[in-house]
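Enquirer: Data file run_3.cif (mmCIF, C-alpha atoms) is appended below.
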```cif
data_target
#
loop_
_atom_site.label_atom_id
_atom_site.label_comp_id
_atom_site.auth_asym_id
_atom_site.auth_seq_id
_atom_site.Cartn_x
_atom_site.Cartn_y
_atom_site.Cartn_z
CA MET O 1010 -22.75 -0.16 12.17
CA VAL O 1011 -19.55 1.60 11.13
CA PHE O 1012 -18.68 2.05 7.45
CA ILE O 1013 -15.05 1.60 6.39
CA PHE O 1014 -15.97 3.25 3.09
CA GLU O 1015 -18.92 4.21 0.94
CA LEU O 1016 -18.50 4.86 -2.77
CA ILE O 1017 -20.27 4.97 -6.10
CA ASP O 1018 -19.40 1.99 -8.30
CA CYS O 1019 -18.85 2.02 -12.05
CA THR O 1020 -22.61 1.57 -12.66
CA GLY O 1021 -23.55 4.56 -10.49
CA ARG O 1022 -24.77 2.53 -7.51
CA LYS O 1023 -23.81 3.25 -3.91
CA ILE O 1024 -21.83 0.51 -2.12
CA HIS O 1025 -20.46 0.41 1.40
CA LEU O 1026 -18.11 -1.83 3.40
CA THR O 1027 -18.79 -2.25 7.12
CA ASP O 1028 -16.15 -2.82 9.75
CA GLU O 1029 -17.67 -6.26 10.48
CA ARG O 1030 -17.30 -7.36 6.83
CA TYR O 1031 -13.80 -5.88 6.63
CA LYS O 1032 -12.74 -7.93 9.65
CA HIS O 1033 -14.07 -11.00 7.83
CA ILE O 1034 -12.16 -10.12 4.64
CA ILE O 1035 -8.79 -9.58 6.31
CA ARG O 1036 -8.93 -13.08 7.80
CA HIS O 1037 -7.67 -14.08 4.35
CA LEU O 1038 -3.96 -13.41 4.80
CA ASP O 1039 -3.51 -12.22 1.22
CA MET O 1040 -6.20 -9.58 1.79
CA GLN O 1041 -4.21 -7.66 4.39
CA ASN O 1042 -3.67 -4.05 3.23
CA LYS O 1043 -5.92 -4.48 0.17
CA LEU O 1044 -8.60 -1.90 1.03
CA GLU O 1045 -7.63 0.37 -1.88
CA ASP O 1046 -7.66 -2.62 -4.25
CA ILE O 1047 -11.19 -3.47 -3.14
CA GLN O 1048 -12.28 0.09 -3.84
CA GLN O 1049 -10.54 0.14 -7.25
CA THR O 1050 -12.20 -3.15 -8.18
CA LEU O 1051 -15.63 -1.65 -7.53
CA VAL O 1052 -14.91 1.61 -9.34
CA ARG O 1053 -12.92 0.21 -12.29
CA PRO O 1054 -13.63 -3.51 -12.66
CA LEU O 1055 -12.35 -5.68 -15.47
CA LYS O 1056 -15.58 -7.69 -15.39
CA ILE O 1057 -18.90 -7.77 -13.54
CA THR O 1058 -20.91 -10.99 -13.22
CA HIS O 1059 -24.40 -11.37 -11.76
CA PHE O 1060 -24.62 -14.50 -9.62
CA ASP O 1061 -28.33 -13.97 -8.98
CA GLN O 1062 -30.69 -11.02 -8.54
CA TYR O 1063 -28.95 -9.98 -5.31
CA LEU O 1064 -25.27 -10.95 -5.62
CA VAL O 1065 -22.86 -9.28 -8.03
CA TYR O 1066 -19.20 -10.28 -8.52
CA TYR O 1067 -16.70 -7.54 -9.45
CA TYR O 1068 -13.27 -8.54 -10.79
CA ARG O 1069 -10.00 -6.74 -11.38
CA TYR O 1070 -6.63 -8.16 -12.43
CA TYR O 1071 -3.57 -7.54 -10.22
CA LYS O 1072 -0.49 -8.84 -12.04
CA ASP O 1073 1.83 -8.20 -9.08
CA HIS O 1074 -0.17 -10.32 -6.63
CA PRO O 1075 2.32 -12.92 -5.30
CA SER O 1076 0.20 -16.04 -5.90
CA LYS O 1077 -1.26 -17.67 -9.01
CA ALA O 1078 -4.59 -16.10 -8.07
CA LYS O 1079 -4.34 -12.71 -9.78
CA TYR O 1080 -8.00 -11.67 -9.98
CA LEU O 1081 -9.52 -9.88 -7.04
CA ARG O 1082 -13.18 -10.86 -6.61
CA VAL O 1083 -15.38 -8.49 -4.62
CA ILE O 1084 -18.86 -9.84 -3.87
CA VAL O 1085 -21.57 -7.25 -3.34
CA LYS O 1086 -25.11 -7.88 -2.20
CA TYR O 1087 -27.85 -5.47 -3.27
CA LEU O 1088 -30.96 -5.03 -1.15
CA ASN O 1089 -33.48 -2.24 -1.76
CA GLY O 1090 -31.16 -0.60 -4.27
CA LYS O 1091 -28.22 -0.36 -1.86
CA GLY O 1092 -25.08 -2.46 -2.08
CA PHE O 1093 -22.75 -3.75 0.58
CA VAL O 1094 -19.55 -5.75 0.28
CA VAL O 1095 -20.05 -9.30 1.52
CA THR O 1096 -16.49 -10.53 1.01
CA SER O 1097 -13.42 -10.23 -1.17
CA TYR O 1098 -10.57 -12.59 -2.08
CA PHE O 1099 -8.22 -13.51 -4.93
CA VAL O 1100 -9.11 -16.18 -7.50
CA GLU O 1101 -7.29 -17.73 -10.47
CA VAL O 1102 -10.16 -17.60 -12.97
CA LEU O 1103 -13.19 -15.44 -13.65
CA LEU O 1104 -16.73 -16.78 -13.44
#
```
Can you turn what I pasted into structure tokens?
Expert:
Amino acid sequence: MVFIFELIDCTGRKIHLTDERYKHIIRHLDMQNKLEDIQQTLVRPLKITHFDQYLVYYYRYYKDHPSKAKYLRVIVKYLNGKGFVVTSYFVEVLL
């Protein structure tokens, strides 16, 4: 498993993105060249929402994004205290 990045999020937890998950993310055409935005969303989110005990949604607003969907959602799964990015994409509204 190859990590694209590993960082400490705004809550002090370690999160990584694997090459396999990154390949999944960039299938969304509007996610091409958004690696830095994904990292910024984890480090400086506008909002964090807990979907359940394992999945956490991080959001950040990008006013210059060319579609109506201006919020980048990064979904992280936590297992055994470690987080990994599951996916990321733009949405119009926050959950």
Enquirer: Restricting the calculation to all atoms listed in the file, which member of O:Tyr1066, O:Tyr1098, O:Phe1014, O:Phe1060 is positioned closest to O:Ile1084?
Expert: O:Tyr1066
Enquirer: Apply the PyMOL selection byres ((chain O and resi 1087) around 12) to the structure shown and report the selected residues as a PyMOL selection string.
Expert: chain O and resi 1022-1025+1059-1066+1084-1086+1088-1095
Enquirer: Which residues fall under the PyMOL selection byres ((chain O and resi 1028-1042) around 6) in this file, as a list of chain:residue names?
Expert: O:Val1011, O:Phe1012, O:Ile1013, O:Thr1027, O:Lys1043, O:Leu1044, O:Thr1096, O:Ser1097
Enquirer: Counting only C-alpha atoms, figure out which residue out of O:Met1010, O:Ala1078, O:Val1083, O:Leu1103 gets nearest to O:Asp1046.
Expert: O:Val1083
Enquirer: Padding of 5 Å on every side, edges along x, y and z, all listed atoms of stretch 1038-1045 of chain O included: what centre and edge lengths in Å, to one decimal, does that box have, as AutoDock Vina command-line options?
Expert:
```
--center_x -6.1 --center_y -6.5 --center_z 1.5 --size_x 15.1 --size_y 23.8 --size_z 16.7
```
Enquirer: Applied to the shown file, which residues does the PyMOL selection byres ((chain O and resi 1019) around 10) return, written as a list in words?
Expert: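 For this structure, the PyMOL selection byres ((chain O and resi 1019) around 10) resolves to Leu1016, Ile1017, Asp1018, Thr1020, Gly1021, Arg1022, Lys1023, Gln1049, Thr1050, Leu1051, Val1052, Arg1053, Pro1054 and Ile1057 of chain O.
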Enquirer: Between atom CA of O:Phe1099 and atom CA of O:Leu1026, what is the distance, to one decimal in Å?
Expert: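 Distance between the two atoms: 17.4 Å.
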Enquirer: Within 10 Å of O:Glu1101, counting all atoms listed in the file, which residues show up once you throw out same-chain ones fewer than 6 positions away? Write them as a list of chain:residue names, please.
Expert: O:Tyr1070, O:Ser1076, O:Lys1077, O:Ala1078, O:Lys1079, O:Tyr1080, O:Leu1081, O:Arg1082
